[in-house]
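Dumped final.cif below, it's mmCIF, C-alpha atoms:
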data_input
#
loop_
_atom_site.label_atom_id
_atom_site.label_comp_id
_atom_site.auth_asym_id
_atom_site.auth_seq_id
_atom_site.Cartn_x
_atom_site.Cartn_y
_atom_site.Cartn_z
CA MET Z 1 0.00 0.00 0.00
CA ARG Z 2 2.86 2.39 0.65
CA GLY Z 3 3.76 2.41 -3.01
CA GLN Z 4 0.25 3.57 -3.90
CA THR Z 5 0.25 6.59 -1.64
CA THR Z 6 3.38 8.46 -2.68
CA GLY Z 7 3.36 11.78 -4.49
CA THR Z 8 2.37 15.35 -3.74
CA LEU Z 9 -0.56 15.60 -1.37
CA SER Z 10 -3.29 17.95 -2.60
CA PRO Z 11 -6.87 18.40 -1.40
CA THR Z 12 -7.77 19.29 -4.98
CA ASN Z 13 -7.22 15.67 -6.01
CA VAL Z 14 -9.79 14.47 -3.46
CA ASN Z 15 -12.31 17.08 -4.58
CA THR Z 16 -11.85 16.04 -8.19
CA LYS Z 17 -12.45 12.39 -7.32
CA LEU Z 18 -15.58 13.22 -5.36
CA GLN Z 19 -16.90 15.32 -8.21
CA ARG Z 20 -16.29 12.54 -10.75
CA ILE Z 21 -18.10 9.99 -8.58
CA ALA Z 22 -21.03 12.38 -8.12
CA GLU Z 23 -21.27 13.16 -11.83
CA LEU Z 24 -21.25 9.49 -12.77
CA ALA Z 25 -23.87 8.67 -10.12
CA LYS Z 26 -26.09 11.46 -11.41
CA LYS Z 27 -25.77 10.38 -15.05
CA ALA Z 28 -26.43 6.72 -14.25
CA PRO Z 29 -29.04 6.61 -11.44
CA THR Z 30 -29.60 2.85 -11.79
CA MET Z 31 -25.96 1.79 -12.14
CA SER Z 32 -24.22 -0.24 -9.44
CA PHE Z 33 -20.68 0.92 -8.66
CA THR Z 34 -18.37 -2.10 -8.68
CA THR Z 35 -15.19 -0.08 -8.13
CA LEU Z 36 -15.00 2.79 -5.67
CA ALA Z 37 -12.26 1.93 -3.18
CA HIS Z 38 -9.48 2.64 -5.71
CA HIS Z 39 -10.19 6.33 -5.12
CA VAL Z 40 -9.14 5.99 -1.48
CA ASP Z 41 -5.47 6.80 -1.04
CA LEU Z 42 -3.34 8.62 1.53
CA GLU Z 43 -4.70 12.02 0.46
CA TRP Z 44 -8.21 10.68 0.91
CA MET Z 45 -7.37 9.35 4.38
CA GLN Z 46 -5.84 12.66 5.39
CA ARG Z 47 -9.01 14.44 4.30
CA ALA Z 48 -11.04 11.91 6.30
CA TYR Z 49 -8.87 12.54 9.35
CA GLY Z 50 -9.23 16.30 8.92
CA LEU Z 51 -13.03 15.96 8.92
CA THR Z 52 -13.05 13.73 12.00
CA ARG Z 53 -13.98 15.33 15.30
CA LYS Z 54 -10.92 15.36 17.56
CA ASN Z 55 -12.33 16.50 20.91
CA GLY Z 56 -14.98 13.82 21.38
CA ALA Z 57 -15.02 11.07 23.97
CA VAL Z 58 -12.47 8.29 23.47
CA GLY Z 59 -13.38 4.77 22.39
CA VAL Z 60 -12.55 1.44 23.96
CA ASP Z 61 -8.82 1.82 23.21
CA GLY Z 62 -8.54 5.14 25.07
CA VAL Z 63 -6.58 6.74 22.22
CA THR Z 64 -6.94 10.52 21.92
CA ALA Z 65 -6.28 12.68 18.85
CA GLU Z 66 -3.09 13.98 20.44
CA MET Z 67 -1.82 10.43 20.84
CA TYR Z 68 -2.88 9.37 17.33
CA GLU Z 69 -1.22 12.34 15.62
CA LYS Z 70 2.24 11.13 16.63
CA GLY Z 71 3.38 9.48 13.42
CA LEU Z 72 0.05 10.31 11.75
CA ARG Z 73 1.16 9.64 8.17
CA GLU Z 74 2.43 6.17 8.97
CA LYS Z 75 -0.72 5.34 10.93
CA LEU Z 76 -2.97 6.46 8.10
CA GLU Z 77 -0.96 4.44 5.59
CA ASP Z 78 -1.26 1.38 7.82
CA LEU Z 79 -5.00 1.94 8.29
CA LEU Z 80 -5.44 2.29 4.52
CA GLY Z 81 -3.56 -0.95 3.92
CA ARG Z 82 -5.66 -2.88 6.45
CA MET Z 83 -8.90 -1.52 5.00
CA LYS Z 84 -8.09 -2.53 1.44
CA SER Z 85 -6.54 -5.90 2.25
CA GLY Z 86 -9.38 -6.99 4.54
CA ARG Z 87 -7.16 -7.10 7.63
CA TYR Z 88 -9.00 -4.27 9.33
CA ARG Z 89 -10.93 -5.37 12.41
CA ALA Z 90 -13.73 -3.09 13.59
CA PRO Z 91 -13.36 -2.63 17.36
CA PRO Z 92 -16.45 -2.67 19.59
CA VAL Z 93 -18.03 0.69 20.29
CA ARG Z 94 -18.25 2.01 23.82
CA ARG Z 95 -21.89 2.55 24.76
CA VAL Z 96 -23.12 5.37 26.96
CA HIS Z 97 -26.66 6.57 27.66
CA ILE Z 98 -27.92 10.14 27.36
CA PRO Z 99 -31.30 11.57 28.44
CA LYS Z 100 -34.07 11.45 25.85
CA GLY Z 101 -37.15 13.64 25.65
CA ASP Z 102 -38.33 14.50 29.16
CA GLY Z 103 -35.36 12.73 30.71
CA LYS Z 104 -37.32 9.66 31.85
CA GLU Z 105 -35.90 7.61 28.98
CA THR Z 106 -32.35 7.41 27.67
CA ARG Z 107 -30.88 7.02 24.21
CA PRO Z 108 -27.88 4.68 23.76
CA ILE Z 109 -24.93 6.28 21.97
CA GLY Z 110 -22.02 4.31 20.57
CA ILE Z 111 -18.55 5.86 20.76
CA PRO Z 112 -16.12 4.36 18.20
CA THR Z 113 -12.37 4.64 18.51
CA LEU Z 114 -10.70 7.58 16.77
CA GLU Z 115 -9.15 5.32 14.13
CA ASP Z 116 -12.52 3.70 13.47
CA LYS Z 117 -14.05 7.15 13.03
CA VAL Z 118 -11.43 7.97 10.41
CA ALA Z 119 -12.11 4.71 8.54
CA GLN Z 120 -15.86 5.34 8.69
CA ARG Z 121 -15.38 8.89 7.42
CA ALA Z 122 -13.32 7.64 4.47
CA ILE Z 123 -16.06 5.20 3.41
CA ALA Z 124 -18.81 7.73 4.15
CA MET Z 125 -17.16 10.19 1.74
CA LEU Z 126 -17.43 7.60 -1.03
CA LEU Z 127 -21.04 6.71 -0.29
CA GLU Z 128 -22.11 10.30 0.17
CA ALA Z 129 -20.81 11.25 -3.27
CA VAL Z 130 -23.05 8.52 -4.75
CA TYR Z 131 -26.17 8.84 -2.62
CA GLU Z 132 -26.38 12.63 -2.64
CA GLN Z 133 -27.44 12.22 -6.26
CA ASP Z 134 -30.18 9.76 -5.23
CA PHE Z 135 -31.60 11.31 -2.05
CA LEU Z 136 -34.82 13.26 -2.50
CA ASP Z 137 -35.59 16.86 -1.64
CA CYS Z 138 -37.75 15.81 1.33
CA SER Z 139 -34.67 14.55 3.23
CA PHE Z 140 -32.78 17.08 5.36
CA GLY Z 141 -30.86 15.25 8.08
CA PHE Z 142 -27.06 14.81 8.00
CA ARG Z 143 -26.68 16.01 4.44
CA PRO Z 144 -24.36 18.72 3.02
CA ARG Z 145 -25.84 22.22 3.10
CA ARG Z 146 -29.04 20.93 4.69
CA GLY Z 147 -30.12 20.83 8.28
CA ALA Z 148 -32.84 21.21 10.87
CA GLN Z 149 -33.45 24.90 10.15
CA GLN Z 150 -34.15 24.18 6.47
CA ALA Z 151 -36.48 21.32 7.44
CA LEU Z 152 -38.38 23.53 9.88
CA GLN Z 153 -38.70 26.28 7.28
CA ARG Z 154 -40.03 23.80 4.72
CA VAL Z 155 -42.67 22.57 7.18
CA ARG Z 156 -43.82 26.10 7.91
CA ASP Z 157 -43.87 27.12 4.24
CA VAL Z 158 -45.95 24.08 3.27
CA LEU Z 159 -48.48 24.55 6.05
CA MET Z 160 -48.85 28.27 5.33
CA GLU Z 161 -49.33 27.60 1.61
CA MET Z 162 -51.94 24.88 2.23
CA HIS Z 163 -53.61 26.89 5.01
CA GLY Z 164 -52.86 23.99 7.29
CA GLY Z 165 -54.41 20.58 6.86
CA TRP Z 166 -53.71 17.25 8.52
CA VAL Z 167 -50.29 16.42 9.93
CA LEU Z 168 -49.13 12.86 10.53
CA GLU Z 169 -46.33 12.76 13.10
CA ILE Z 170 -44.06 9.75 12.59
CA ASP Z 171 -42.10 8.29 15.49
CA ILE Z 172 -40.07 5.14 14.81
CA ARG Z 173 -39.55 3.09 17.94
CA LYS Z 174 -35.82 2.51 18.58
CA PHE Z 175 -34.92 2.95 14.92
CA PHE Z 176 -31.16 2.55 15.26
CA ASP Z 177 -31.63 -0.57 17.41
CA THR Z 178 -34.14 -2.32 15.13
CA LEU Z 179 -32.84 -1.51 11.65
CA VAL Z 180 -32.47 -4.84 9.81
CA LYS Z 181 -28.83 -5.28 8.84
CA LYS Z 182 -29.51 -7.73 6.02
CA ALA Z 183 -32.12 -5.45 4.47
CA LEU Z 184 -29.73 -2.50 4.73
CA MET Z 185 -26.94 -4.36 2.96
CA GLU Z 186 -29.34 -5.43 0.21
CA LEU Z 187 -30.31 -1.81 -0.32
CA VAL Z 188 -26.66 -0.73 -0.47
CA ARG Z 189 -25.84 -3.45 -3.01
CA GLN Z 190 -28.42 -1.99 -5.38
CA ARG Z 191 -26.08 0.99 -5.82
CA VAL Z 192 -22.65 -0.10 -4.54
CA ARG Z 193 -21.00 -3.47 -5.10
CA ASP Z 194 -17.41 -2.58 -4.36
CA GLY Z 195 -15.95 -5.42 -2.29
CA VAL Z 196 -13.88 -3.21 0.02
CA VAL Z 197 -16.81 -0.92 0.80
CA LEU Z 198 -19.24 -3.78 1.44
CA ARG Z 199 -16.72 -5.63 3.59
CA MET Z 200 -16.11 -2.56 5.75
CA LEU Z 201 -19.82 -1.90 6.17
CA GLY Z 202 -20.36 -5.52 7.19
CA LYS Z 203 -17.64 -5.28 9.81
CA TRP Z 204 -19.14 -2.16 11.34
CA LEU Z 205 -22.60 -3.69 11.42
CA ARG Z 206 -21.21 -6.79 13.13
CA ALA Z 207 -18.99 -4.89 15.58
CA GLY Z 208 -19.86 -5.50 19.19
CA VAL Z 209 -20.94 -3.02 21.84
CA MET Z 210 -18.97 -2.67 25.06
CA GLU Z 211 -20.92 -1.66 28.14
CA ASP Z 212 -19.77 -2.11 31.73
CA GLY Z 213 -16.75 -4.03 30.49
CA GLU Z 214 -18.77 -6.64 28.58
CA VAL Z 215 -19.04 -6.93 24.78
CA THR Z 216 -22.36 -7.96 23.26
CA TYR Z 217 -23.42 -8.48 19.66
CA ALA Z 218 -26.87 -7.46 18.45
CA GLU Z 219 -28.69 -9.17 15.60
CA ALA Z 220 -30.26 -5.91 14.42
CA GLY Z 221 -29.47 -2.22 14.43
CA THR Z 222 -26.49 0.04 14.09
CA PRO Z 223 -25.08 2.01 17.05
CA GLN Z 224 -25.91 5.71 17.22
CA GLY Z 225 -22.83 7.88 17.37
CA GLY Z 226 -20.86 6.25 14.58
CA VAL Z 227 -19.75 8.48 11.71
CA ILE Z 228 -21.29 6.12 9.16
CA SER Z 229 -24.58 5.58 11.04
CA PRO Z 230 -26.47 8.73 9.92
CA LEU Z 231 -25.67 8.01 6.27
CA LEU Z 232 -26.79 4.38 6.59
CA ALA Z 233 -29.99 5.58 8.26
CA ASN Z 234 -30.64 7.91 5.34
CA ILE Z 235 -30.02 5.11 2.84
CA TYR Z 236 -32.47 2.88 4.70
CA LEU Z 237 -35.24 5.43 5.13
CA HIS Z 238 -34.72 6.77 1.61
CA GLU Z 239 -36.11 3.48 0.37
CA VAL Z 240 -38.48 2.67 3.23
CA LEU Z 241 -40.22 6.05 3.34
CA ASP Z 242 -39.03 8.72 0.90
CA VAL Z 243 -39.15 6.85 -2.42
CA TRP Z 244 -42.25 4.91 -1.41
CA PHE Z 245 -44.16 8.08 -0.53
CA GLU Z 246 -43.02 10.18 -3.49
CA LYS Z 247 -43.40 7.54 -6.21
CA GLU Z 248 -46.12 5.20 -4.96
CA VAL Z 249 -48.27 7.07 -2.47
CA ARG Z 250 -48.47 10.70 -3.48
CA PRO Z 251 -49.57 10.09 -7.11
CA ARG Z 252 -52.60 8.19 -5.74
CA LEU Z 253 -53.78 10.94 -3.39
CA GLY Z 254 -56.63 13.32 -4.08
CA GLY Z 255 -54.98 16.46 -2.68
CA ARG Z 256 -51.58 17.95 -1.98
CA ALA Z 257 -49.25 16.13 0.38
CA THR Z 258 -45.66 16.73 1.47
CA LEU Z 259 -43.09 14.71 3.40
CA VAL Z 260 -40.33 16.32 5.46
CA ARG Z 261 -37.80 13.97 7.06
CA TYR Z 262 -34.78 14.68 9.24
CA ALA Z 263 -33.00 11.35 9.87
CA ASP Z 264 -35.62 9.23 11.67
CA ASP Z 265 -37.87 12.20 12.55
CA ALA Z 266 -40.57 12.92 9.97
CA VAL Z 267 -43.94 14.52 9.37
CA LEU Z 268 -46.41 14.05 6.53
CA MET Z 269 -48.64 17.04 5.72
CA PHE Z 270 -51.92 16.51 3.85
CA GLU Z 271 -54.46 18.85 2.37
CA ASN Z 272 -57.28 16.28 2.67
CA GLU Z 273 -58.32 14.33 5.74
CA ALA Z 274 -59.21 11.25 3.66
CA ASP Z 275 -55.68 11.10 2.20
CA ALA Z 276 -54.16 11.46 5.64
CA ARG Z 277 -56.19 8.64 7.11
CA ARG Z 278 -55.45 6.31 4.17
CA VAL Z 279 -51.70 6.80 4.54
CA ALA Z 280 -51.87 6.54 8.34
CA ALA Z 281 -53.56 3.14 7.93
CA VAL Z 282 -50.95 1.64 5.57
CA LEU Z 283 -47.83 3.25 7.07
CA PRO Z 284 -47.34 0.69 9.90
CA LYS Z 285 -47.41 -2.17 7.38
CA ARG Z 286 -44.81 -0.44 5.22
CA PHE Z 287 -42.44 -0.01 8.15
CA GLU Z 288 -43.09 -3.52 9.43
CA LYS Z 289 -41.88 -4.88 6.08
CA TYR Z 290 -38.44 -3.51 6.94
CA GLY Z 291 -38.43 -4.55 10.59
CA LEU Z 292 -39.44 -1.16 11.96
CA THR Z 293 -42.25 -0.32 14.38
CA LEU Z 294 -44.09 2.96 14.77
CA HIS Z 295 -44.61 4.19 18.31
CA PRO Z 296 -48.39 3.80 18.89
CA GLU Z 297 -48.68 6.90 21.10
CA LYS Z 298 -46.18 9.26 19.47
CA THR Z 299 -47.26 8.49 15.91
CA ARG Z 300 -50.50 10.43 15.57
CA LEU Z 301 -52.69 12.32 13.14
CA VAL Z 302 -53.24 15.97 14.01
CA GLN Z 303 -55.93 18.25 12.63
CA PHE Z 304 -54.03 21.42 11.78
CA GLN Z 305 -56.28 23.57 9.60
CA ARG Z 306 -55.93 27.31 9.80
CA PRO Z 307 -58.63 28.82 12.05
CA PRO Z 308 -61.25 31.06 10.39
CA TYR Z 309 -60.39 34.75 10.24
CA LYS Z 310 -63.50 35.54 12.25
CA ASP Z 311 -64.51 33.50 15.27
CA ARG Z 312 -67.79 31.73 14.62
CA LYS Z 313 -70.02 29.91 17.06
CA GLY Z 314 -70.27 26.25 16.25
CA GLY Z 315 -67.34 26.51 13.86
CA PRO Z 316 -64.54 23.99 13.40
CA PRO Z 317 -62.60 22.90 16.48
CA ALA Z 318 -59.37 24.66 17.35
CA PRO Z 319 -56.38 23.21 15.47
CA GLY Z 320 -54.05 20.89 17.31
CA THR Z 321 -50.30 21.16 17.72
CA PHE Z 322 -47.40 18.89 16.82
CA ASP Z 323 -43.70 18.69 17.62
CA LEU Z 324 -40.75 18.34 15.26
CA LEU Z 325 -37.03 18.78 15.89
CA GLY Z 326 -37.54 20.36 19.29
CA PHE Z 327 -40.24 22.84 18.22
CA THR Z 328 -43.98 22.88 18.87
CA HIS Z 329 -45.93 24.05 15.81
CA TYR Z 330 -49.21 25.90 16.26
CA TRP Z 331 -51.45 28.58 14.73
CA ALA Z 332 -51.38 32.09 16.23
CA ARG Z 333 -52.22 35.65 15.31
CA SER Z 334 -49.46 37.82 13.85
CA ARG Z 335 -48.99 41.49 14.70
CA LYS Z 336 -51.09 42.26 11.61
CA ASN Z 337 -53.82 40.00 13.04
CA ASN Z 338 -53.30 37.30 10.39
CA TRP Z 339 -53.14 33.59 11.20
CA VAL Z 340 -49.57 32.27 10.95
CA VAL Z 341 -47.75 29.07 11.90
CA LEU Z 342 -45.37 29.66 14.78
CA GLN Z 343 -42.61 27.38 16.02
CA ASN Z 344 -41.81 27.61 19.74
CA THR Z 345 -39.37 25.63 21.85
CA ALA Z 346 -41.06 22.38 22.84
CA LYS Z 347 -41.61 22.03 26.59
CA ASP Z 348 -39.53 18.86 26.92
CA ARG Z 349 -36.61 20.40 25.03
CA PHE Z 350 -36.82 23.54 27.17
CA ARG Z 351 -36.71 21.49 30.37
CA ARG Z 352 -33.90 19.29 29.10
CA ALA Z 353 -31.75 22.25 28.05
CA LEU Z 354 -32.28 24.05 31.36
CA LYS Z 355 -31.57 20.87 33.31
CA GLY Z 356 -28.33 20.44 31.38
CA VAL Z 357 -27.21 23.94 32.33
CA SER Z 358 -28.15 23.39 35.97
CA LEU Z 359 -26.26 20.10 36.17
CA TRP Z 360 -23.20 21.68 34.59
CA LEU Z 361 -23.27 24.55 37.08
CA ARG Z 362 -23.67 22.11 39.96
CA ASP Z 363 -20.63 20.11 38.86
CA HIS Z 364 -18.54 23.25 38.20
CA ARG Z 365 -19.79 25.57 40.95
CA HIS Z 366 -16.28 25.99 42.32
CA TRP Z 367 -14.91 27.32 39.05
CA THR Z 368 -14.08 31.01 38.91
CA MET Z 369 -16.89 33.37 37.98
CA GLU Z 370 -15.19 34.24 34.71
CA SER Z 371 -14.75 30.59 33.70
CA GLN Z 372 -18.40 29.86 34.41
CA TRP Z 373 -19.45 32.96 32.48
CA LYS Z 374 -17.49 31.94 29.38
CA VAL Z 375 -19.15 28.50 29.28
CA LEU Z 376 -22.63 29.90 29.97
CA THR Z 377 -22.14 32.42 27.19
CA ASP Z 378 -21.33 29.62 24.76
CA LYS Z 379 -24.29 27.57 25.93
CA LEU Z 380 -26.73 30.46 25.50
CA ARG Z 381 -25.38 31.35 22.07
CA GLY Z 382 -25.71 27.72 21.02
CA HIS Z 383 -29.30 27.61 22.33
CA PHE Z 384 -30.20 30.84 20.53
CA GLY Z 385 -28.44 29.62 17.41
CA TYR Z 386 -30.79 26.64 17.17
CA PHE Z 387 -34.02 27.82 18.80
CA GLY Z 388 -33.81 31.45 17.67
CA ARG Z 389 -36.60 31.24 15.09
CA LYS Z 390 -38.88 34.20 14.51
CA GLY Z 391 -41.83 34.11 16.88
CA ASN Z 392 -39.89 32.25 19.58
CA SER Z 393 -38.39 35.27 21.36
CA ARG Z 394 -40.50 34.83 24.52
CA ALA Z 395 -39.27 31.27 25.05
CA LEU Z 396 -35.70 32.40 24.47
CA ALA Z 397 -36.06 35.26 26.95
CA ARG Z 398 -37.58 32.89 29.51
CA PHE Z 399 -34.71 30.43 29.00
CA ARG Z 400 -32.14 33.19 29.51
CA SER Z 401 -33.96 34.32 32.67
CA GLN Z 402 -34.05 30.75 34.02
CA VAL Z 403 -30.33 30.32 33.31
CA ILE Z 404 -29.63 33.42 35.41
CA THR Z 405 -31.79 31.96 38.19
CA VAL Z 406 -29.95 28.63 38.29
CA TRP Z 407 -26.59 30.42 38.04
CA ARG Z 408 -27.50 32.44 41.14
CA LYS Z 409 -28.66 29.23 42.84
CA TRP Z 410 -25.34 27.44 42.38
CA LEU Z 411 -23.26 30.53 43.14
CA SER Z 412 -25.12 30.67 46.46
CA ARG Z 413 -24.06 27.11 47.22
CA ARG Z 414 -20.35 27.64 46.77
CA SER Z 415 -20.09 27.93 50.56
CA GLN Z 416 -22.35 27.91 53.62
CA LYS Z 417 -22.22 31.71 53.86
CA GLY Z 418 -22.18 32.36 50.17
CA ASP Z 419 -25.81 33.34 49.58
CA VAL Z 420 -26.05 35.58 46.50
CA SER Z 421 -28.89 38.10 46.70
CA TRP Z 422 -30.58 39.38 43.58
CA ALA Z 423 -28.98 42.78 44.14
CA LYS Z 424 -25.55 41.12 44.12
CA MET Z 425 -26.53 39.01 41.12
CA LYS Z 426 -27.35 42.16 39.16
CA LYS Z 427 -23.85 43.48 39.87
CA ILE Z 428 -22.37 40.15 38.71
CA LEU Z 429 -24.34 40.37 35.47
CA LYS Z 430 -23.02 43.88 34.85
CA GLU Z 431 -19.46 42.57 35.11
CA PHE Z 432 -20.23 39.30 33.30
CA PRO Z 433 -23.19 40.05 30.99
CA LEU Z 434 -24.88 37.08 29.35
CA PRO Z 435 -25.67 37.40 25.62
CA PRO Z 436 -29.08 38.87 24.71
CA VAL Z 437 -31.77 36.92 22.88
CA ARG Z 438 -30.91 36.53 19.22
CA LEU Z 439 -33.23 35.37 16.42
CA ILE Z 440 -31.78 33.59 13.39
CA GLY Z 441 -34.89 32.19 11.63
CA ALA Z 442 -35.97 34.45 8.78
CA PHE Z 443 -39.43 34.15 7.29
CA ALA Z 444 -42.14 36.53 6.17
#

Can you give me the file's structure in the form of structure tokens?
Amino acid sequence: MRGQTTGTLSPTNVNTKLQRIAELAKKAPTMSFTTLAHHVDLEWMQRAYGLTRKNGAVGVDGVTAEMYEKGLREKLEDLLGRMKSGRYRAPPVRRVHIPKGDGKETRPIGIPTLEDKVAQRAIAMLLEAVYEQDFLDCSFGFRPRRGAQQALQRVRDVLMEMHGGWVLEIDIRKFFDTLVKKALMELVRQRVRDGVVLRMLGKWLRAGVMEDGEVTYAEAGTPQGGVISPLLANIYLHEVLDVWFEKEVRPRLGGRATLVRYADDAVLMFENEADARRVAAVLPKRFEKYGLTLHPEKTRLVQFQRPPYKDRKGGPPAPGTFDLLGFTHYWARSRKNNWVVLQNTAKDRFRRALKGVSLWLRDHRHWTMESQWKVLTDKLRGHFGYFGRKGNSRALARFRSQVITVWRKWLSRRSQKGDVSWAKMKKILKEFPLPPVRLIGAFA
């Protein structure tokens, strides 16, 4: 392998390769790629390493980025050789649990080793160049130049244009744990038949999970947290939901209908109630075909028509609400007294975010005031950066106010005589001002 990786290293070469793969995939949408791995060389691996997050938690081997970068070129060459020769062994991922929703449930997250992340990134770059030409416009999660804000804007635009309608919330129960590995590989083989790529994917899907010192092997699913996992999820749901809805379902409906999906979170918006109920009835069978189950309580049909401009006795019932990507969607009056769709921070996300800040302050209450202030500033800016959509300023202001309250609480517990009055807290905020509410969502 060393002989294949010599020469001048240039990121332009990697970009050119990615562009060629993408162009070929776009020109031949039904072609199966039998050779892709020959594009992966030392330059490719260096790009993959550059794109890999370095400050994350360590995997089962305990190797940090600082440790791995000693002799980086030689390590990447060795990794490349093991990947292409089949000698690479996917290490088990370290599993941790993080709070989910209201905090009563947890979501398992797999933490691969740094080297495994680099290998996954290298293969993901290949697959992404191919599948970005196949993925549909309704898919927003973990894709280049797309994200949650674009998905939320699409939902609002559709509902405003249709004057509301019927919204089908889709919640897949334990998607990453129940995804059928065999079905996934069959879907991948429809587009990619490169032996190196398929072998690496198989190894990652078969890799064990280490928890409390014990390694277990699951028959289904792929661990959340892996670099390759979001892309594999998109490939799976592209076929299970996106293509099925766009090509088989929507042409048979009587009215307008739109799908918006972000990874395994999705909503279907219908103009007609009859269409919505027909799709809601067949959707569980479609998912069951691929080993997936819809949550019976969280998957629900919501009446979301725009209220009449004038209140009428005996008129239609008030529209419901639904949640997507941490926002509750509902109808409200604008300043011009028109009905508009607003997106406010969902209650469970508000509580979870505030609880996270409080726990951090509890664990770091003995830090200096300035150190705490710097972290809180970053946390608030991150919160505003995601939840700062137009119409959500009250929730943002309330969150900022609650952060100040919990900061005062934990400052007061630094010592037995350390009670911080509100008068003193105001002086602290003058010296260490927290960032003001900032809106980033732009819509008319």

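Residues matched by the PyMOL selection byres ((chain Z and resi 321) around 10) in this file: Val167, Val302, Gln303, Phe304, Ala318, Pro319, Gly320, Phe322, Asp323, Thr328, His329, Tyr330 and Trp331 of chain Z.
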
Give me the residues of region 329-348 of chain Z that have any atom at most 8 Å from an atom of region 385-400 of chain Z; for each, the nearest atom pair and the distance in Å, rounded to one decimal. Use all atoms listed in the file, sort by chain and number, and format it as a tab-separated table.
residue	atom	partner	partner_atom	distance
Z:Leu342	CA	Z:Gly391	CA	6.1
Z:Gln343	CA	Z:Asn392	CA	6.6
Z:Asn344	CA	Z:Asn392	CA	5.0
Z:Thr345	CA	Z:Ala395	CA	6.5

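Evaluated against this file, the PyMOL selection byres ((chain Z and resi 219) around 9) yields Z:Thr178, Z:Val180, Z:Lys181, Z:Arg206, Z:Tyr217, Z:Ala218, Z:Ala220, Z:Gly221.
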
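Between CA of Ser371 (chain Z) and CA of Ile111 (chain Z) the interatomic distance comes to 28.2 Å.
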
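Closest approach to His39 (chain Z) among Z:Asp194, Z:Glu370, Z:Glu273, Z:Glu74 is made by Z:Asp194 (distances from all atoms listed in the file).
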
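Applied to this file, the PyMOL selection byres ((chain Z and resi 156) around 9) selects the residues Ala151, Leu152, Gln153, Arg154, Val155, Asp157, Val158, Leu159, Met160, Glu161, His329, Val340, Val341, Leu342 and Gln343 of chain Z.
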
Hey, what's within 10 Å of Gln133 (chain Z) if we count only C-alpha atoms and toss same-chain stuff fewer than 4 positions away? As a list in words, please?
Ile21, Ala22, Glu23, Leu24, Ala25, Lys26, Lys27, Ala28, Pro29, Glu128 and Ala129 of chain Z

Step by step, gather every atom of region 153-164 of chain Z that the file lists, find the box along x, y and z that holds them, add 5 Å on each side, and finally give centre and edge lengths in Å to one decimal, as AutoDock Vina command-line options.
--center_x -46.2 --center_y 25.4 --center_z 4.8 --size_x 24.9 --size_y 15.7 --size_z 16.3

Residue with smallest distance to Leu241 (chain Z) - pool Z:Val96, Z:Val192, Z:Leu253, Z:Ile172, counting all atoms listed in the file
Z:Ile172

For the atom pair CA of Arg256 (chain Z) and CA of Met162 (chain Z), what is the interatomic distance in Å to one decimal place?
8.1 Å

Got a sec: who's within 10 Å of Leu354 (chain Z), counting all atoms listed in the file, leaving out chain neighbours fewer than 6 positions off, as a list in words?
Asp348, Trp360, Phe399, Arg400, Gln402, Val403 and Val406 of chain Z

Keeping only C-alpha atoms, write those residues as an mmCIF file, in the coordinates of the input.
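Saved as result_31.cif:
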data_model
loop_
_atom_site.group_PDB
_atom_site.id
_atom_site.type_symbol
_atom_site.label_atom_id
_atom_site.label_comp_id
_atom_site.auth_asym_id
_atom_site.auth_seq_id
_atom_site.Cartn_x
_atom_site.Cartn_y
_atom_site.Cartn_z
ATOM 1 C CA ASP Z 348 -39.530 18.860 26.920
ATOM 2 C CA TRP Z 360 -23.200 21.680 34.590
ATOM 3 C CA PHE Z 399 -34.710 30.430 29.000
ATOM 4 C CA ARG Z 400 -32.140 33.190 29.510
ATOM 5 C CA GLN Z 402 -34.050 30.750 34.020
ATOM 6 C CA VAL Z 403 -30.330 30.320 33.310
ATOM 7 C CA VAL Z 406 -29.950 28.630 38.290
#

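The gap separating CA of Trp166 (chain Z) from CA of Met269 (chain Z) is 5.8 Å, in Å to one decimal.
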
Which residue, Z:Arg333, Z:Arg143, Z:Lys430, Z:Arg351, has the smallest gap to Pro230 (chain Z) when you use all atoms listed in the file?
Z:Arg143

Export region 11-16 of chain Z of the preceding structure, keeping N, CA and C atoms, as an mmCIF file, in the first residue's frame.
data_model
loop_
_atom_site.group_PDB
_atom_site.id
_atom_site.type_symbol
_atom_site.label_atom_id
_atom_site.label_comp_id
_atom_site.auth_asym_id
_atom_site.auth_seq_id
_atom_site.Cartn_x
_atom_site.Cartn_y
_atom_site.Cartn_z
ATOM 1 N N PRO Z 11 -5.428 18.589 -1.616
ATOM 2 C CA PRO Z 11 -6.871 18.400 -1.399
ATOM 3 C C PRO Z 11 -7.662 18.500 -2.689
ATOM 4 N N THR Z 12 -7.072 19.166 -3.702
ATOM 5 C CA THR Z 12 -7.769 19.291 -4.982
ATOM 6 C C THR Z 12 -8.014 17.929 -5.600
ATOM 7 N N ASN Z 13 -7.063 17.015 -5.447
ATOM 8 C CA ASN Z 13 -7.221 15.673 -6.011
ATOM 9 C C ASN Z 13 -8.428 14.962 -5.410
ATOM 10 N N VAL Z 14 -8.640 15.093 -4.113
ATOM 11 C CA VAL Z 14 -9.785 14.467 -3.458
ATOM 12 C C VAL Z 14 -11.081 15.091 -3.962
ATOM 13 N N ASN Z 15 -11.113 16.409 -4.074
ATOM 14 C CA ASN Z 15 -12.314 17.084 -4.576
ATOM 15 C C ASN Z 15 -12.657 16.640 -5.985
ATOM 16 N N THR Z 16 -11.630 16.480 -6.807
ATOM 17 C CA THR Z 16 -11.849 16.043 -8.192
ATOM 18 C C THR Z 16 -12.437 14.642 -8.232
#
